[in-house]
Amino acid sequence: MSKLATMVVCPQCHFENPNFNKFCQRCGSSLTQKYCHECGTTVPFNVVECHNCGTVTGTLYLAVISRGLFTTASSHDTTPSFNNDHLQGASTSSDSSSESSLDRIDTEPPATSDTSESDPQEFQTQPLEEIFSETDLESITIPPEDVLSFPQQSAPEPLEQPVGAYLDLQDRYQLLDLLPALKPGETVTVKVLDTQPLQISPLKALQESTSTPSDAEVEAFIIPAAQPYFALASQTPSYFPRLQDAWKSEFYNIILLENFSDFPQLSEVWSHRDTLPQQIVYWLGDLVQLWEILAPWGCRQSLLELENLRILDQNSKQLCLQKLYFDSPNSIFNLSDLGQLWHELFQKSQRTLVGSLTEILRDLMEGKIQTVEELQKALTGVLDEINCPDLQASFIPESQPSINQSPTLILGEKLIQIEAVGRTDVGRQRDHNEDCFGMETRIKIEETPQEKIHSVWGLYILCDGMGGHASGEVASQMAVDTLKHYFQTQSFEELPTEEILHEAILKANEAIYNENQKGVRSGSGRMGTTLVMAVVVNHQVAVAHVGDSRLYRLTRQHGLQQITLDHEVGQREIQRGIDPELAYSRHDAYQLTQALGPREAQFIHPDIQYLEMEEDTVLILASDGLTDHNLLETFRETQLDSLLNPETDLATATDNLIALANQYNGHDNITAIVIRAWV
């Protein structure tokens, strides 16, 4: 954890760089600037808006700031009390004198105070480290009034903080709203700008860890008031904002959250004329599920605040909560309170209750429906009444057949659907196309009166050939054909292992290499090809690549991420510690260090990694004709984000990407495979 706390994470390849780096030492990306997604202008990471077009480019968070009742603990803490080892401030260091073994950072001793005007006998030079024995420690007594807090009458009062002030001692999180001087027990929510967005806090690293954090890690890095956010966002990320950081200052508990405040309110979207009745039933099902999820954390009040219910994406209509509201002490909630919320939503939107919802709502408010299971079953019946095949087809039922024994939807459970489109183009300057791609998608549906099982398997291969006319296209086609043939003999029930992927790629290399040997080709006359490949099994993906063809992942939560790292001389030099500017000043910086075909098997070392699709995901496999000059990163918001809209036609969007590459690049062949998965 201490290593992550002092590192800057590259936004493209996620490599951890020393915090003084200006460029990623792995991929060469800038660590101080990015492109405006609207106009393409280069802007610093630490500003709110693009200076050219005014588009918001900064990383904004929502800060939930509360003041306890003259104690350092929040009056709203409903979770068990843990020890006080936690981060003071944003992320990279701690002012606490108690050091957690989980985040041990060796530092220089603090500078001694200026004693030039003091009695020289009063201050003696001390050794850098003082060791106390157990008897010494036992002899130290602390007056009761010095423990934890000041007496009430001497407690200092916080001051109002203006826009532009920093929340933390590290001057990282800058206020974009006025922070008033809170009274004991008050809470306020303000927006802040992260001026160091590439530095990852230990808390953030803990949250993104692939392993489940231990109780000791949770205690060390997360203050009690923030632990519900951490747990809920980890378990059901689609509903809750992710936790960026949290700490206790002299006066306040400060919790930094993913900013959901700009999303539309549920009540607004609920009233739209184009919102279908089925969608309203799905939202009601989400509220029932959240009612159960929030109960153990004492946060059911979060659902009873209408302004807190938001829609994460206008197109997917995903329900989410802006923040958590903790229940008042000794408060008692039951399902009738949820019924009152439903009544308020219908009344405010003036929507008509459909089907048997009128009866269900009445029974709910009168306390006749007392369990979540009863309510979920009743809502499933409403969907059967509405009987809209087009919408119901987008959900995969699991169990609980209706009266006519046909499979029905269980609210809250959704399985994956997938679609893919491939396109290739010669470009504006080449006279022939050496790129090639191959795709195969299989959807298997097994159905009985009680259940429907839906499984997905997909193989997606993209190759960029090289070696001159009538050679590069031969190599890329051979690689695609060999790999497709190999995987036709493999099981589709689970992801291929690294060994299987490695064997498949070596067979493709062998086929091209043998062809080179037959033709007695040498030097630049030897044909070869790059490779990027994805194997999808349900919500899991295996990725393998050789060369500089890339795979990107796009999600609502994490934006656009470059998953693969190019195999080329410049990247190799960066990984050896060479400055990116110097590495790419070489004349051979873009020369490939790996490719299929020119050399024997021992020189092929494919990179293999595994991904999970935990939310709606777009995967883009692309040749360098599409990725050169950071084209996808620059035009992400205008060209890519719409891919997560189910109404966006995937074929048209892929054609638009090819046209964009021809407009801004065009010097090379252009190939893309775009895969869209709904989870």
# chains A, B, ... in the order shown; residues from 1 in each chain; ligands from 1
call {"tool": "residues_around", "arguments": {"residues": "A:Cys24", "least_positions_apart": "6", "cutoff": "8 Å", "atoms": "only C-alpha atoms", "output": "list in words"}}
result
Cys10, Phe15, Asn17, Ser30, Leu31 and Pro580 of chain A
call {"tool": "select_by_dssp", "arguments": {"residues": "stretch 242-314 of chain A", "states": "alpha helix (DSSP H)", "output": "number ranges by chain"}}
result
A: 266-270, 277-294
call {"tool": "closest_residue", "arguments": {"among": "A:Leu306, A:Leu178, A:Val679, A:Leu357", "to": "A:Lys191", "atoms": "only C-alpha atoms"}}
result
A:Leu178
call {"tool": "residues_around", "arguments": {"residues": "A:Pro213", "least_positions_apart": "6", "cutoff": "12 Å", "atoms": "only C-alpha atoms", "output": "list in words"}}
result
Met1, Leu102, Pro202, Leu203, Lys204, Ala205, Leu206, Gln207, Glu219, Ala220, Phe221, Ile222, Phe230, Ala231 and Ser234 of chain A
call {"tool": "closest_residue", "arguments": {"among": "A:Ala589, A:Leu341, A:Ala295, A:Leu582", "to": "A:Leu309", "atoms": "only C-alpha atoms"}}
result
A:Leu341
call {"tool": "select_by_dssp", "arguments": {"residues": "stretch 183-326 of chain A", "states": "strand (DSSP E)", "output": "VMD selection string"}}
result
chain A and resid 187 to 194 243 to 248 252 to 258 309 to 311 319 to 321
call {"tool": "atom_distance", "arguments": {"atom1": "atom CA of A:Leu159", "atom2": "atom CA of A:Tyr325"}}
result
25.0 Å
call {"tool": "closest_residue", "arguments": {"among": "A:Leu193, A:Leu554, A:Ala653, A:Leu60", "to": "A:Gln639", "atoms": "only C-alpha atoms"}}
result
A:Ala653
call {"tool": "residues_around", "arguments": {"residues": "A:Gly666", "least_positions_apart": "3", "cutoff": "10 Å", "atoms": "only C-alpha atoms", "output": "list in words"}}
result
Asp425, Val426, Gly427, Arg428, Gln429, Arg430, Gly625, Leu626, Asp628, Ile658, Ala659, Leu660, Ala661, Asn662, Gln663, Asn669 and Ile670 of chain A
